[in-house]
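Visitor: Enclosed is the structure file upload_34.pdb (PDB, C-alpha atoms, pLDDT in the B column).
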MODEL        1
ATOM      1  CA  MET Q   1      -7.530   3.377   4.131  1.00 54.00           C
ATOM      2  CA  HIS Q   2     -10.097   3.754   1.352  1.00 52.00           C
ATOM      3  CA  GLU Q   3     -13.703   3.725   2.501  1.00 54.00           C
ATOM      4  CA  VAL Q   4     -16.269   2.016   0.308  1.00 53.00           C
ATOM      5  CA  LEU Q   5     -19.980   2.662   0.550  1.00 49.00           C
ATOM      6  CA  VAL Q   6     -22.328  -0.225  -0.064  1.00 56.00           C
ATOM      7  CA  GLY Q   7     -25.920  -0.171  -1.050  1.00 59.00           C
ATOM      8  CA  GLY Q   8     -26.715  -2.933  -3.388  1.00 67.00           C
ATOM      9  CA  ILE Q   9     -28.945  -5.464  -4.916  1.00 75.00           C
ATOM     10  CA  MET Q  10     -27.078  -8.625  -3.861  1.00 79.00           C
ATOM     11  CA  ASP Q  11     -26.336 -10.148  -0.514  1.00 87.00           C
ATOM     12  CA  LEU Q  12     -22.919 -11.659   0.191  1.00 90.00           C
ATOM     13  CA  GLU Q  13     -23.972 -15.284  -0.412  1.00 92.00           C
ATOM     14  CA  GLU Q  14     -25.503 -14.474  -3.785  1.00 91.00           C
ATOM     15  CA  ALA Q  15     -22.435 -12.444  -4.750  1.00 91.00           C
ATOM     16  CA  ILE Q  16     -20.066 -15.279  -3.796  1.00 92.00           C
ATOM     17  CA  ARG Q  17     -22.001 -17.851  -5.837  1.00 93.00           C
ATOM     18  CA  PHE Q  18     -22.344 -15.517  -8.799  1.00 92.00           C
ATOM     19  CA  VAL Q  19     -18.668 -14.497  -8.950  1.00 90.00           C
ATOM     20  CA  ALA Q  20     -17.430 -18.056  -8.310  1.00 92.00           C
ATOM     21  CA  GLY Q  21     -19.499 -19.333 -11.222  1.00 93.00           C
ATOM     22  CA  ARG Q  22     -18.124 -16.646 -13.472  1.00 90.00           C
ATOM     23  CA  MET Q  23     -14.544 -17.381 -12.341  1.00 89.00           C
ATOM     24  CA  ALA Q  24     -14.985 -21.098 -13.029  1.00 91.00           C
ATOM     25  CA  ARG Q  25     -16.242 -20.450 -16.567  1.00 91.00           C
ATOM     26  CA  ARG Q  26     -13.410 -18.003 -17.304  1.00 87.00           C
ATOM     27  CA  ALA Q  27     -10.798 -20.388 -15.878  1.00 86.00           C
ATOM     28  CA  GLU Q  28     -12.017 -23.095 -18.260  1.00 88.00           C
ATOM     29  CA  GLU Q  29     -11.585 -20.721 -21.190  1.00 85.00           C
ATOM     30  CA  MET Q  30      -8.178 -19.468 -20.030  1.00 80.00           C
ATOM     31  CA  GLN Q  31      -6.511 -22.644 -18.660  1.00 77.00           C
ATOM     32  CA  ASP Q  32      -2.989 -21.690 -19.745  1.00 69.00           C
ATOM     33  CA  TYR Q  33      -2.982 -18.113 -18.458  1.00 69.00           C
ATOM     34  CA  PRO Q  34      -0.585 -17.336 -15.573  1.00 68.00           C
ATOM     35  CA  THR Q  35      -3.384 -15.839 -13.483  1.00 72.00           C
ATOM     36  CA  VAL Q  36      -5.444 -19.024 -13.718  1.00 78.00           C
ATOM     37  CA  ARG Q  37      -2.416 -21.187 -12.908  1.00 76.00           C
ATOM     38  CA  LEU Q  38      -1.605 -19.014  -9.876  1.00 76.00           C
ATOM     39  CA  LEU Q  39      -5.182 -19.225  -8.593  1.00 79.00           C
ATOM     40  CA  GLU Q  40      -5.224 -22.986  -9.119  1.00 83.00           C
ATOM     41  CA  ALA Q  41      -1.901 -23.346  -7.257  1.00 79.00           C
ATOM     42  CA  ILE Q  42      -3.244 -21.268  -4.359  1.00 80.00           C
ATOM     43  CA  MET Q  43      -6.462 -23.312  -4.326  1.00 86.00           C
ATOM     44  CA  SER Q  44      -4.463 -26.535  -4.293  1.00 87.00           C
ATOM     45  CA  GLU Q  45      -2.225 -25.380  -1.432  1.00 83.00           C
ATOM     46  CA  LEU Q  46      -5.254 -24.273   0.577  1.00 85.00           C
ATOM     47  CA  GLY Q  47      -7.231 -27.410  -0.217  1.00 91.00           C
ATOM     48  CA  CYS Q  48     -10.023 -25.421  -1.909  1.00 91.00           C
ATOM     49  CA  LYS Q  49     -12.031 -27.561  -4.301  1.00 94.00           C
ATOM     50  CA  SER Q  50     -13.969 -24.707  -5.926  1.00 95.00           C
ATOM     51  CA  TYR Q  51     -13.784 -21.000  -6.648  1.00 93.00           C
ATOM     52  CA  GLU Q  52     -16.671 -20.530  -4.242  1.00 95.00           C
ATOM     53  CA  GLU Q  53     -14.589 -22.071  -1.462  1.00 95.00           C
ATOM     54  CA  LEU Q  54     -11.601 -19.891  -2.448  1.00 91.00           C
ATOM     55  CA  ILE Q  55     -13.711 -16.717  -2.352  1.00 91.00           C
ATOM     56  CA  ARG Q  56     -15.087 -17.638   1.064  1.00 94.00           C
ATOM     57  CA  ARG Q  57     -11.534 -18.180   2.353  1.00 91.00           C
ATOM     58  CA  LEU Q  58     -10.456 -14.870   0.787  1.00 90.00           C
ATOM     59  CA  LEU Q  59     -13.301 -12.978   2.420  1.00 92.00           C
ATOM     60  CA  ASP Q  60     -12.821 -14.727   5.781  1.00 93.00           C
ATOM     61  CA  ASN Q  61      -9.025 -14.470   5.922  1.00 90.00           C
ATOM     62  CA  PRO Q  62      -7.649 -12.143   3.224  1.00 89.00           C
ATOM     63  CA  LYS Q  63      -4.101 -12.166   4.602  1.00 88.00           C
ATOM     64  CA  GLU Q  64      -3.951 -15.951   4.191  1.00 83.00           C
ATOM     65  CA  ILE Q  65      -4.661 -15.699   0.462  1.00 81.00           C
ATOM     66  CA  TYR Q  66      -2.322 -12.744   0.079  1.00 82.00           C
ATOM     67  CA  GLY Q  67       0.368 -14.741   1.888  1.00 82.00           C
ATOM     68  CA  TYR Q  68      -0.007 -17.695  -0.457  1.00 77.00           C
ATOM     69  CA  ALA Q  69       0.203 -15.413  -3.485  1.00 73.00           C
ATOM     70  CA  LEU Q  70       3.207 -13.735  -1.886  1.00 72.00           C
ATOM     71  CA  SER Q  71       4.930 -17.066  -1.312  1.00 73.00           C
ATOM     72  CA  ARG Q  72       4.676 -17.719  -5.042  1.00 67.00           C
ATOM     73  CA  VAL Q  73       6.405 -14.503  -6.123  1.00 59.00           C
ATOM     74  CA  LYS Q  74       8.262 -11.624  -4.519  1.00 66.00           C
ATOM     75  CA  GLU Q  75       6.259  -8.907  -2.761  1.00 64.00           C
ATOM     76  CA  GLU Q  76       6.761  -6.253  -5.465  1.00 58.00           C
ATOM     77  CA  LEU Q  77       5.678  -8.671  -8.141  1.00 65.00           C
ATOM     78  CA  THR Q  78       2.737  -9.838  -6.066  1.00 71.00           C
ATOM     79  CA  ASN Q  79       1.510  -6.287  -5.517  1.00 69.00           C
ATOM     80  CA  SER Q  80       2.032  -5.416  -9.175  1.00 69.00           C
ATOM     81  CA  PHE Q  81       0.497  -8.632 -10.442  1.00 71.00           C
ATOM     82  CA  LEU Q  82      -2.525  -8.498  -8.149  1.00 75.00           C
ATOM     83  CA  GLY Q  83      -2.950  -4.790  -8.885  1.00 74.00           C
ATOM     84  CA  MET Q  84      -2.970  -5.404 -12.636  1.00 75.00           C
ATOM     85  CA  LEU Q  85      -5.224  -8.435 -12.260  1.00 77.00           C
ATOM     86  CA  PHE Q  86      -7.855  -6.694 -10.149  1.00 80.00           C
ATOM     87  CA  PHE Q  87      -7.651  -3.422 -12.105  1.00 78.00           C
ATOM     88  CA  ASP Q  88      -8.122  -5.327 -15.365  1.00 82.00           C
ATOM     89  CA  VAL Q  89     -11.034  -7.385 -14.069  1.00 81.00           C
ATOM     90  CA  PHE Q  90     -12.713  -4.497 -12.244  1.00 83.00           C
ATOM     91  CA  SER Q  91     -12.272  -2.152 -15.240  1.00 84.00           C
ATOM     92  CA  ARG Q  92     -14.125  -4.550 -17.506  1.00 83.00           C
ATOM     93  CA  PHE Q  93     -17.191  -3.843 -15.416  1.00 84.00           C
ATOM     94  CA  GLY Q  94     -16.676  -0.101 -14.933  1.00 88.00           C
ATOM     95  CA  VAL Q  95     -15.322  -0.235 -11.378  1.00 88.00           C
ATOM     96  CA  GLY Q  96     -11.559  -0.125 -11.979  1.00 85.00           C
ATOM     97  CA  ASP Q  97     -11.305   2.690  -9.445  1.00 87.00           C
ATOM     98  CA  LEU Q  98     -12.049   0.121  -6.703  1.00 87.00           C
ATOM     99  CA  ALA Q  99      -8.932  -1.977  -7.467  1.00 85.00           C
ATOM    100  CA  PRO Q 100      -6.461   0.048  -5.317  1.00 85.00           C
ATOM    101  CA  ALA Q 101      -8.812  -0.095  -2.318  1.00 87.00           C
ATOM    102  CA  TYR Q 102      -9.319  -3.828  -2.869  1.00 86.00           C
ATOM    103  CA  ILE Q 103      -5.557  -4.494  -2.964  1.00 85.00           C
ATOM    104  CA  GLU Q 104      -5.063  -2.362   0.148  1.00 86.00           C
ATOM    105  CA  ALA Q 105      -7.820  -4.226   2.004  1.00 89.00           C
ATOM    106  CA  LEU Q 106      -6.357  -7.544   0.873  1.00 86.00           C
ATOM    107  CA  ARG Q 107      -2.847  -6.590   2.015  1.00 84.00           C
ATOM    108  CA  GLU Q 108      -4.097  -5.216   5.350  1.00 89.00           C
ATOM    109  CA  GLY Q 109      -6.440  -8.132   6.002  1.00 91.00           C
ATOM    110  CA  ASP Q 110      -9.417  -5.742   6.222  1.00 93.00           C
ATOM    111  CA  ARG Q 111     -12.287  -8.219   5.892  1.00 92.00           C
ATOM    112  CA  GLU Q 112     -15.055  -5.645   6.238  1.00 94.00           C
ATOM    113  CA  ASN Q 113     -13.801  -3.357   3.470  1.00 91.00           C
ATOM    114  CA  LEU Q 114     -12.870  -6.343   1.283  1.00 89.00           C
ATOM    115  CA  ARG Q 115     -16.442  -7.638   1.496  1.00 92.00           C
ATOM    116  CA  LYS Q 116     -17.911  -4.212   0.741  1.00 92.00           C
ATOM    117  CA  ILE Q 117     -15.753  -3.875  -2.366  1.00 89.00           C
ATOM    118  CA  PHE Q 118     -16.512  -7.447  -3.423  1.00 89.00           C
ATOM    119  CA  LEU Q 119     -20.256  -6.748  -3.250  1.00 91.00           C
ATOM    120  CA  LYS Q 120     -19.883  -3.582  -5.354  1.00 90.00           C
ATOM    121  CA  VAL Q 121     -17.881  -5.454  -8.002  1.00 87.00           C
ATOM    122  CA  ALA Q 122     -20.342  -8.357  -8.065  1.00 89.00           C
ATOM    123  CA  GLU Q 123     -23.213  -5.892  -8.518  1.00 90.00           C
ATOM    124  CA  ALA Q 124     -21.369  -4.216 -11.412  1.00 88.00           C
ATOM    125  CA  VAL Q 125     -20.775  -7.606 -13.042  1.00 84.00           C
ATOM    126  CA  LYS Q 126     -24.417  -8.570 -12.621  1.00 86.00           C
ATOM    127  CA  ARG Q 127     -25.634  -5.246 -14.094  1.00 85.00           C
ATOM    128  CA  ARG Q 128     -23.349  -5.737 -17.091  1.00 77.00           C
ATOM    129  CA  ARG Q 129     -24.789  -9.196 -17.818  1.00 69.00           C
ATOM    130  CA  ARG Q 130     -28.337  -7.850 -18.168  1.00 58.00           C
TER     131      ARG Q 130
ENDMDL
END
Kindly transcribe the structure held in the file into structure tokens.
Guide:
Amino acid sequence: MHEVLVGGIMDLEEAIRFVAGRMARRAEEMQDYPTVRLLEAIMSELGCKSYEELIRRLLDNPKEIYGYALSRVKEELTNSFLGMLFFDVFSRFGVGDLAPAYIEALREGDRENLRKIFLKVAEAVKRRRR
């Protein structure tokens, strides 16, 4: 299991709101992309009305979200797809090296490590916006 050290400028609530807002804006711009359609399908199945609600569910019960993604495509494709998705997104903000640990935490249902990684990514995104 990858260990992630946290020492940041944002608390979890601020990070959730910040990332959810960013996701919502990007989803509007990229409506027809497969990643957006998959996230919207997962949100619909879970009854999530916002990206903020989806992120909270992800951080509270990562295996649930992974399971819904898995039910949409085969396991190999899910791992590959999620790996590419998170590596691509994380790399844009200089933290692509965190993607494998994030996928592992997601797959294992490791809430603590998932939250630590999420905070690091949110901090990197916030620094980049300045």
Visitor: Here is a test: counting all atoms listed in the file, which residue of Q:Asp11, Q:Glu53, Q:Glu108, Q:Glu45 is nearest to Ala24 in chain Q?
Guide: Q:Glu53
Visitor: Which residue is closest to Ala101 in chain Q? Choose from Q:Val36, Q:Ala20, Q:Leu114, Q:Ile55 and count only C-alpha atoms.
Guide: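 Using only C-alpha atoms, Ala101 in chain Q sits closest to Q:Leu114.
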Visitor: Could you check which of Q:Gly21, Q:Ile16, Q:Ser44, Q:Arg128 is closest to Arg92 in chain Q, using all atoms listed in the file?
Guide: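 Looking only at the distances to Arg92 in chain Q, the closest residue turns out to be Q:Arg128.
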Visitor: Axis-aligned box over every listed atom of range 41-50 of chain Q, padded by 3 Å per side: centre and edges in Å to one decimal, as lines of an AutoDock Vina configuration file?
Guide:
center_x = -7.9
center_y = -24.4
center_z = -3.3
size_x = 18.1
size_y = 12.3
size_z = 13.8
Visitor: Can you tell me how far CA of Arg127 in chain Q sits from CA of Tyr102 in chain Q, in Å to one decimal?
Guide: 19.9 Å
Visitor: Could you state the separation of CA of Val95 in chain Q and CA of Ala124 in chain Q in Å, given to one decimal place?
Guide: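 Taking CA of Val95 in chain Q and CA of Ala124 in chain Q, their separation equals 7.2 Å.
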Visitor: Give the answer as one residue: which of Q:Met84, Q:Val89, Q:Ile117, Q:Met10 has the shortest atom-to-atom distance to Arg22 in chain Q, using only C-alpha atoms?
Guide: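 Closest candidate: Q:Val89.
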Visitor: As a list in words, please: the residues near Glu64 in chain Q (cut-off 12 Å, all atoms listed in the file, same-chain neighbours under 4 positions excluded).
Guide: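 In the requested form, the answer reads Ile42, Met43, Glu45, Leu46, Leu54, Ile55, Arg56, Arg57, Leu58, Leu59, Asp60, Tyr68, Ala69, Leu70, Ser71, Leu106, Arg107, Glu108, Gly109, Asp110 and Arg111 of chain Q.
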Visitor: Can you tell me how far CA of Leu38 in chain Q sits from CA of Ser50 in chain Q, in Å to one decimal?
Guide: 14.2 Å
Visitor: Using only C-alpha atoms, which residue out of Q:Phe93, Q:Ala99, Q:Gly67, Q:Phe87 lies closest to Val125 in chain Q?
Guide: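 Going through Q:Phe93, Q:Ala99, Q:Gly67, Q:Phe87 one by one, the smallest distance to Val125 in chain Q is for Q:Phe93.
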Visitor: Go through Q:Ala122, Q:Gly94, Q:Arg115, Q:Met30 and flag the residue nearest Ile9 in chain Q, using only C-alpha atoms for the distances.
Guide: Q:Ala122
Visitor: Need to verify the contact set: Val19 in chain Q, 10 Å, all atoms listed in the file, exclusion of same-chain residues closer than 4 positions in sequence. Can you return it as a PDB file with C-alpha atoms, in the coordinates of the input?
Guide:
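Printed below is selection-v6.pdb as written:
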ATOM      1  CA  GLU Q  14     -25.503 -14.474  -3.785  1.00 91.00           C
ATOM      2  CA  ALA Q  15     -22.435 -12.444  -4.750  1.00 91.00           C
ATOM      3  CA  MET Q  23     -14.544 -17.381 -12.341  1.00 89.00           C
ATOM      4  CA  ALA Q  24     -14.985 -21.098 -13.029  1.00 91.00           C
ATOM      5  CA  ARG Q  25     -16.242 -20.450 -16.567  1.00 91.00           C
ATOM      6  CA  TYR Q  51     -13.784 -21.000  -6.648  1.00 93.00           C
ATOM      7  CA  GLU Q  52     -16.671 -20.530  -4.242  1.00 95.00           C
ATOM      8  CA  ILE Q  55     -13.711 -16.717  -2.352  1.00 91.00           C
ATOM      9  CA  PHE Q 118     -16.512  -7.447  -3.423  1.00 89.00           C
ATOM     10  CA  LEU Q 119     -20.256  -6.748  -3.250  1.00 91.00           C
ATOM     11  CA  VAL Q 121     -17.881  -5.454  -8.002  1.00 87.00           C
ATOM     12  CA  ALA Q 122     -20.342  -8.357  -8.065  1.00 89.00           C
ATOM     13  CA  GLU Q 123     -23.213  -5.892  -8.518  1.00 90.00           C
ATOM     14  CA  VAL Q 125     -20.775  -7.606 -13.042  1.00 84.00           C
ATOM     15  CA  LYS Q 126     -24.417  -8.570 -12.621  1.00 86.00           C
TER      16      LYS Q 126
END
Visitor: Can you spit out range 35-82 of chain Q with N, CA and C atoms, as an mmCIF file, in the first residue's frame, from the structure just given?
Guide:
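Wrote it out as out-v1.cif, contents follow:
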data_model
loop_
_atom_site.group_PDB
_atom_site.id
_atom_site.type_symbol
_atom_site.label_atom_id
_atom_site.label_comp_id
_atom_site.auth_asym_id
_atom_site.auth_seq_id
_atom_site.Cartn_x
_atom_site.Cartn_y
_atom_site.Cartn_z
ATOM 1 N N THR Q 35 -15.769 10.005 -20.230
ATOM 2 C CA THR Q 35 -15.542 10.107 -18.788
ATOM 3 C C THR Q 35 -16.675 10.863 -18.105
ATOM 4 N N VAL Q 36 -17.153 11.912 -18.742
ATOM 5 C CA VAL Q 36 -18.256 12.695 -18.174
ATOM 6 C C VAL Q 36 -19.528 11.860 -18.175
ATOM 7 N N ARG Q 37 -19.775 11.145 -19.271
ATOM 8 C CA ARG Q 37 -20.976 10.297 -19.335
ATOM 9 C C ARG Q 37 -20.932 9.200 -18.281
ATOM 10 N N LEU Q 38 -19.752 8.606 -18.054
ATOM 11 C CA LEU Q 38 -19.630 7.567 -17.031
ATOM 12 C C LEU Q 38 -19.911 8.153 -15.647
ATOM 13 N N LEU Q 39 -19.308 9.293 -15.347
ATOM 14 C CA LEU Q 39 -19.554 9.928 -14.047
ATOM 15 C C LEU Q 39 -21.026 10.283 -13.867
ATOM 16 N N GLU Q 40 -21.651 10.787 -14.918
ATOM 17 C CA GLU Q 40 -23.072 11.131 -14.820
ATOM 18 C C GLU Q 40 -23.933 9.888 -14.620
ATOM 19 N N ALA Q 41 -23.571 8.776 -15.273
ATOM 20 C CA ALA Q 41 -24.314 7.522 -15.090
ATOM 21 C C ALA Q 41 -24.163 7.017 -13.657
ATOM 22 N N ILE Q 42 -22.947 7.091 -13.128
ATOM 23 C CA ILE Q 42 -22.704 6.667 -11.745
ATOM 24 C C ILE Q 42 -23.495 7.559 -10.789
ATOM 25 N N MET Q 43 -23.450 8.873 -11.028
ATOM 26 C CA MET Q 43 -24.194 9.804 -10.173
ATOM 27 C C MET Q 43 -25.687 9.495 -10.203
ATOM 28 N N SER Q 44 -26.200 9.215 -11.382
ATOM 29 C CA SER Q 44 -27.620 8.906 -11.529
ATOM 30 C C SER Q 44 -27.983 7.634 -10.768
ATOM 31 N N GLU Q 45 -27.176 6.589 -10.924
ATOM 32 C CA GLU Q 45 -27.440 5.325 -10.235
ATOM 33 C C GLU Q 45 -27.372 5.481 -8.716
ATOM 34 N N LEU Q 46 -26.479 6.335 -8.254
ATOM 35 C CA LEU Q 46 -26.326 6.548 -6.814
ATOM 36 C C LEU Q 46 -27.312 7.575 -6.264
ATOM 37 N N GLY Q 47 -27.970 8.300 -7.152
ATOM 38 C CA GLY Q 47 -28.889 9.340 -6.708
ATOM 39 C C GLY Q 47 -28.184 10.621 -6.289
ATOM 40 N N CYS Q 48 -26.948 10.812 -6.747
ATOM 41 C CA CYS Q 48 -26.190 12.033 -6.428
ATOM 42 C C CYS Q 48 -26.655 13.158 -7.347
ATOM 43 N N LYS Q 49 -26.966 14.289 -6.773
ATOM 44 C CA LYS Q 49 -27.454 15.421 -7.548
ATOM 45 C C LYS Q 49 -26.351 16.417 -7.900
ATOM 46 N N SER Q 50 -25.162 16.234 -7.325
ATOM 47 C CA SER Q 50 -24.064 17.165 -7.591
ATOM 48 C C SER Q 50 -22.731 16.428 -7.493
ATOM 49 N N TYR Q 51 -21.700 17.062 -8.055
ATOM 50 C CA TYR Q 51 -20.360 16.489 -7.945
ATOM 51 C C TYR Q 51 -19.887 16.505 -6.494
ATOM 52 N N GLU Q 52 -20.325 17.495 -5.746
ATOM 53 C CA GLU Q 52 -19.965 17.547 -4.329
ATOM 54 C C GLU Q 52 -20.505 16.313 -3.599
ATOM 55 N N GLU Q 53 -21.750 15.971 -3.888
ATOM 56 C CA GLU Q 53 -22.349 14.782 -3.274
ATOM 57 C C GLU Q 53 -21.617 13.512 -3.719
ATOM 58 N N LEU Q 54 -21.240 13.443 -4.999
ATOM 59 C CA LEU Q 54 -20.494 12.286 -5.505
ATOM 60 C C LEU Q 54 -19.146 12.154 -4.801
ATOM 61 N N ILE Q 55 -18.430 13.262 -4.652
ATOM 62 C CA ILE Q 55 -17.125 13.223 -3.986
ATOM 63 C C ILE Q 55 -17.280 12.769 -2.538
ATOM 64 N N ARG Q 56 -18.288 13.279 -1.862
ATOM 65 C CA ARG Q 56 -18.514 12.851 -0.473
ATOM 66 C C ARG Q 56 -18.768 11.345 -0.408
ATOM 67 N N ARG Q 57 -19.583 10.829 -1.327
ATOM 68 C CA ARG Q 57 -19.848 9.386 -1.363
ATOM 69 C C ARG Q 57 -18.562 8.625 -1.649
ATOM 70 N N LEU Q 58 -17.759 9.136 -2.590
ATOM 71 C CA LEU Q 58 -16.489 8.494 -2.943
ATOM 72 C C LEU Q 58 -15.562 8.431 -1.736
ATOM 73 N N LEU Q 59 -15.465 9.518 -1.009
ATOM 74 C CA LEU Q 59 -14.566 9.567 0.137
ATOM 75 C C LEU Q 59 -15.107 8.784 1.331
ATOM 76 N N ASP Q 60 -16.422 8.656 1.433
ATOM 77 C CA ASP Q 60 -17.027 7.885 2.525
ATOM 78 C C ASP Q 60 -17.060 6.389 2.240
ATOM 79 N N ASN Q 61 -17.268 6.021 0.976
ATOM 80 C CA ASN Q 61 -17.388 4.609 0.618
ATOM 81 C C ASN Q 61 -16.784 4.380 -0.767
ATOM 82 N N PRO Q 62 -15.446 4.384 -0.858
ATOM 83 C CA PRO Q 62 -14.789 4.280 -2.161
ATOM 84 C C PRO Q 62 -15.139 3.010 -2.930
ATOM 85 N N LYS Q 63 -15.323 1.903 -2.229
ATOM 86 C CA LYS Q 63 -15.639 0.650 -2.926
ATOM 87 C C LYS Q 63 -16.999 0.724 -3.622
ATOM 88 N N GLU Q 64 -17.925 1.487 -3.075
ATOM 89 C CA GLU Q 64 -19.234 1.642 -3.708
ATOM 90 C C GLU Q 64 -19.078 2.283 -5.086
ATOM 91 N N ILE Q 65 -18.311 3.361 -5.150
ATOM 92 C CA ILE Q 65 -18.107 4.060 -6.420
ATOM 93 C C ILE Q 65 -17.339 3.169 -7.382
ATOM 94 N N TYR Q 66 -16.308 2.523 -6.889
ATOM 95 C CA TYR Q 66 -15.530 1.609 -7.724
ATOM 96 C C TYR Q 66 -16.442 0.507 -8.267
ATOM 97 N N GLY Q 67 -17.316 -0.008 -7.435
ATOM 98 C CA GLY Q 67 -18.246 -1.056 -7.851
ATOM 99 C C GLY Q 67 -19.188 -0.596 -8.948
ATOM 100 N N TYR Q 68 -19.681 0.631 -8.841
ATOM 101 C CA TYR Q 68 -20.556 1.151 -9.889
ATOM 102 C C TYR Q 68 -19.790 1.335 -11.189
ATOM 103 N N ALA Q 69 -18.572 1.843 -11.110
ATOM 104 C CA ALA Q 69 -17.754 1.966 -12.321
ATOM 105 C C ALA Q 69 -17.488 0.583 -12.897
ATOM 106 N N LEU Q 70 -17.208 -0.365 -12.029
ATOM 107 C CA LEU Q 70 -16.924 -1.734 -12.446
ATOM 108 C C LEU Q 70 -18.138 -2.373 -13.106
ATOM 109 N N SER Q 71 -19.321 -2.067 -12.621
ATOM 110 C CA SER Q 71 -20.525 -2.652 -13.210
ATOM 111 C C SER Q 71 -20.775 -2.120 -14.621
ATOM 112 N N ARG Q 72 -20.186 -0.995 -14.931
ATOM 113 C CA ARG Q 72 -20.342 -0.394 -16.255
ATOM 114 C C ARG Q 72 -19.413 -1.018 -17.293
ATOM 115 N N VAL Q 73 -18.258 -1.443 -16.880
ATOM 116 C CA VAL Q 73 -17.274 -2.049 -17.788
ATOM 117 C C VAL Q 73 -16.543 -3.156 -17.044
ATOM 118 N N LYS Q 74 -15.850 -3.985 -17.794
ATOM 119 C CA LYS Q 74 -15.109 -5.090 -17.177
ATOM 120 C C LYS Q 74 -13.985 -4.554 -16.291
ATOM 121 N N GLU Q 75 -13.542 -5.395 -15.350
ATOM 122 C CA GLU Q 75 -12.543 -4.975 -14.368
ATOM 123 C C GLU Q 75 -11.269 -4.431 -15.013
ATOM 124 N N GLU Q 76 -10.738 -5.135 -16.019
ATOM 125 C CA GLU Q 76 -9.494 -4.656 -16.651
ATOM 126 C C GLU Q 76 -9.698 -3.276 -17.248
ATOM 127 N N LEU Q 77 -10.833 -3.114 -17.920
ATOM 128 C CA LEU Q 77 -11.110 -1.823 -18.533
ATOM 129 C C LEU Q 77 -11.337 -0.750 -17.479
ATOM 130 N N THR Q 78 -11.988 -1.122 -16.403
ATOM 131 C CA THR Q 78 -12.218 -0.160 -15.320
ATOM 132 C C THR Q 78 -10.893 0.312 -14.744
ATOM 133 N N ASN Q 79 -10.016 -0.643 -14.427
ATOM 134 C CA ASN Q 79 -8.715 -0.274 -13.864
ATOM 135 C C ASN Q 79 -7.922 0.587 -14.838
ATOM 136 N N SER Q 80 -7.924 0.189 -16.109
ATOM 137 C CA SER Q 80 -7.193 0.939 -17.123
ATOM 138 C C SER Q 80 -7.796 2.329 -17.311
ATOM 139 N N PHE Q 81 -9.106 2.364 -17.441
ATOM 140 C CA PHE Q 81 -9.803 3.624 -17.657
ATOM 141 C C PHE Q 81 -9.608 4.577 -16.481
ATOM 142 N N LEU Q 82 -9.851 4.078 -15.275
ATOM 143 C CA LEU Q 82 -9.688 4.930 -14.096
ATOM 144 C C LEU Q 82 -8.235 5.350 -13.926
#
